[in-house]
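Structure below is my_file-v3.csv: CSV, C-alpha atoms.
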```csv
chain,number,residue,atom,x,y,z
A,1061,MET,CA,-3.2,18.3,13.1
A,1062,GLU,CA,-5.7,21.1,12.6
A,1063,PHE,CA,-9.2,21.6,14.0
A,1064,CYS,CA,-12.3,23.2,12.4
A,1065,GLU,CA,-12.8,26.9,13.1
A,1066,LYS,CA,-16.6,26.4,13.1
A,1067,CYS,CA,-17.2,23.3,15.2
A,1068,GLY,CA,-13.8,22.3,16.6
A,1069,ALA,CA,-13.7,18.8,15.0
A,1070,LEU,CA,-10.6,17.2,13.5
A,1071,MET,CA,-9.9,18.2,9.9
A,1072,LEU,CA,-8.5,15.7,7.5
A,1073,PRO,CA,-6.7,16.2,4.2
A,1074,LYS,CA,-8.8,15.6,1.0
A,1075,ARG,CA,-7.5,15.7,-2.6
A,1076,LYS,CA,-9.9,16.7,-5.4
A,1077,GLU,CA,-9.2,15.8,-9.0
A,1078,GLY,CA,-7.3,18.6,-10.7
A,1079,LYS,CA,-7.2,20.8,-7.6
A,1080,LYS,CA,-4.9,21.4,-4.7
A,1081,PRO,CA,-5.5,19.4,-1.5
A,1082,VAL,CA,-7.7,20.9,1.2
A,1083,LEU,CA,-8.4,20.1,4.8
A,1084,LYS,CA,-12.1,19.1,5.3
A,1085,CYS,CA,-14.0,18.9,8.6
A,1086,ARG,CA,-15.3,15.5,9.5
A,1087,GLU,CA,-18.4,16.9,11.2
A,1088,CYS,CA,-19.7,20.0,9.4
A,1089,GLY,CA,-17.8,19.7,6.0
A,1090,HIS,CA,-16.0,23.1,6.3
A,1091,GLU,CA,-13.0,23.2,4.0
A,1092,LYS,CA,-9.7,25.1,4.4
A,1093,ARG,CA,-6.9,25.5,1.9
A,1094,ILE,CA,-3.6,24.0,2.7
A,1095,GLY,CA,-0.9,26.7,2.3
A,1096,SER,CA,2.8,26.1,2.0
A,1097,SER,CA,2.7,23.8,5.1
A,1098,PRO,CA,4.3,20.4,5.2
A,1099,GLU,CA,2.5,17.5,3.5
A,1100,TYR,CA,-0.2,15.9,5.6
A,1101,LYS,CA,-0.4,12.1,6.0
A,1102,VAL,CA,-3.3,10.1,7.6
A,1103,GLU,CA,-2.3,6.9,9.6
A,1104,TYR,CA,-4.7,4.6,11.4
A,1105,ARG,CA,-2.1,2.2,12.9
A,1106,VAL,CA,-2.4,1.8,16.7
A,1107,LYS,CA,0.3,0.0,18.7
A,1108,HIS,CA,-0.6,-1.5,22.0
A,1109,SER,CA,1.9,-2.3,24.8
A,1110,PRO,CA,1.7,-5.6,26.5
A,1111,ARG,CA,0.1,-4.0,29.5
A,1112,GLU,CA,-2.9,-2.9,27.4
A,1113,LYS,CA,-3.8,-6.4,26.3
A,1114,ILE,CA,-6.3,-8.5,28.2
A,1115,VAL,CA,-5.0,-11.7,29.8
A,1116,VAL,CA,-7.4,-14.5,30.6
A,1117,VAL,CA,-5.9,-17.0,33.0
A,1118,GLU,CA,-7.8,-20.3,33.4
A,1119,GLY,CA,-7.1,-22.7,36.2
A,1120,THR,CA,-8.7,-25.2,38.5
A,1121,ASP,CA,-7.8,-23.2,41.7
A,1122,ASN,CA,-10.6,-22.0,43.8
A,1123,PRO,CA,-10.7,-18.2,43.5
A,1124,LYS,CA,-11.5,-17.9,47.2
A,1125,ASP,CA,-8.2,-19.3,48.2
A,1126,GLU,CA,-5.4,-16.8,48.5
A,1127,MET,CA,-2.2,-17.2,46.4
A,1128,SER,CA,1.2,-17.3,48.0
A,1129,GLY,CA,3.8,-14.8,47.0
A,1130,ASP,CA,5.7,-17.5,45.0
A,1131,GLU,CA,2.5,-18.5,43.1
A,1132,ARG,CA,1.9,-14.8,42.3
A,1133,ARG,CA,5.5,-14.4,41.0
A,1134,GLU,CA,5.3,-17.5,38.8
A,1135,ARG,CA,1.9,-16.4,37.3
A,1136,ARG,CA,3.3,-12.9,36.5
A,1137,LYS,CA,6.4,-14.5,35.0
A,1138,ALA,CA,4.3,-16.8,32.8
A,1139,ILE,CA,2.1,-13.8,31.6
A,1140,LEU,CA,5.2,-11.7,30.8
A,1141,GLU,CA,6.8,-14.5,28.9
A,1142,HIS,CA,3.6,-15.0,26.9
A,1143,PHE,CA,3.6,-11.4,25.8
A,1144,GLU,CA,7.3,-11.3,25.0
A,1145,SER,CA,6.9,-14.3,22.7
A,1146,GLU,CA,4.2,-12.5,20.7
A,1147,ASP,CA,6.4,-9.5,19.9
```

Please express what this file holds, its structure, as structure tokens.
Amino acid sequence: MEFCEKCGALMLPKRKEGKKPVLKCRECGHEKRIGSSPEYKVEYRVKHSPREKIVVVEGTDNPKDEMSGDERRERRKAILEHFESED
């Protein structure tokens, strides 16, 4: 990963027809030749852990009532089982 010398933005590899690939700034358009460095690859895949997903729990319980420790454990267990079944 390299950053632009002029503005500090991320530089991405670009390949022009008939020419060697260069690194081009996303913000200002500054270009830099790629020397004998390893080949660059752009990936946009993002993996999320189960803790990063949003869980919506619906129920008829009154939210003002406090849950007992057993109810909390059962709810956590159900949520974790749900995420494990997705993977």

Need the shell around Arg1093 (chain A): protein/DNA/RNA residues with any atom at most 9 Å away, counting only C-alpha atoms. Skip same-chain ones fewer than 2 positions apart. Format as a PyMOL selection string? chain A and resi 1080-1084+1091+1095

One number please: CA of Arg1075 (chain A) to CA of Met1061 (chain A), in Å, one decimal. 16.5 Å

Could you check which residues have any atom within 12 Å of (-18.0, 16.8, 15.3), counting all atoms listed in the file with coordinates taken straight from the file, and then list them as a list in words? Phe1063, Cys1064, Glu1065, Lys1066, Cys1067, Gly1068, Ala1069, Leu1070, Met1071, Lys1084, Cys1085, Arg1086, Glu1087, Cys1088, Gly1089 and His1090 of chain A

Smallest atom-to-atom distance to Lys1113 (chain A): which of A:Lys1092, A:Glu1126, A:Arg1133, A:Phe1143, using all atoms listed in the file?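 Nearest candidate to Lys1113 (chain A) out of A:Lys1092, A:Glu1126, A:Arg1133, A:Phe1143: A:Phe1143.
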
So, with all atoms listed in the file as the atoms that count, which of A:Gly1078, A:Arg1132, A:Lys1137, A:Glu1144 lies closest to Pro1110 (chain A)?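 For Pro1110 (chain A), the nearest of the candidates is A:Glu1144.
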
Students should find that CA of Met1127 (chain A) and CA of Ile1114 (chain A) are spaced 20.6 Å

Quick one, how far is CA of Ala1138 (chain A) from CA of Val1117 (chain A)? 10.2 Å
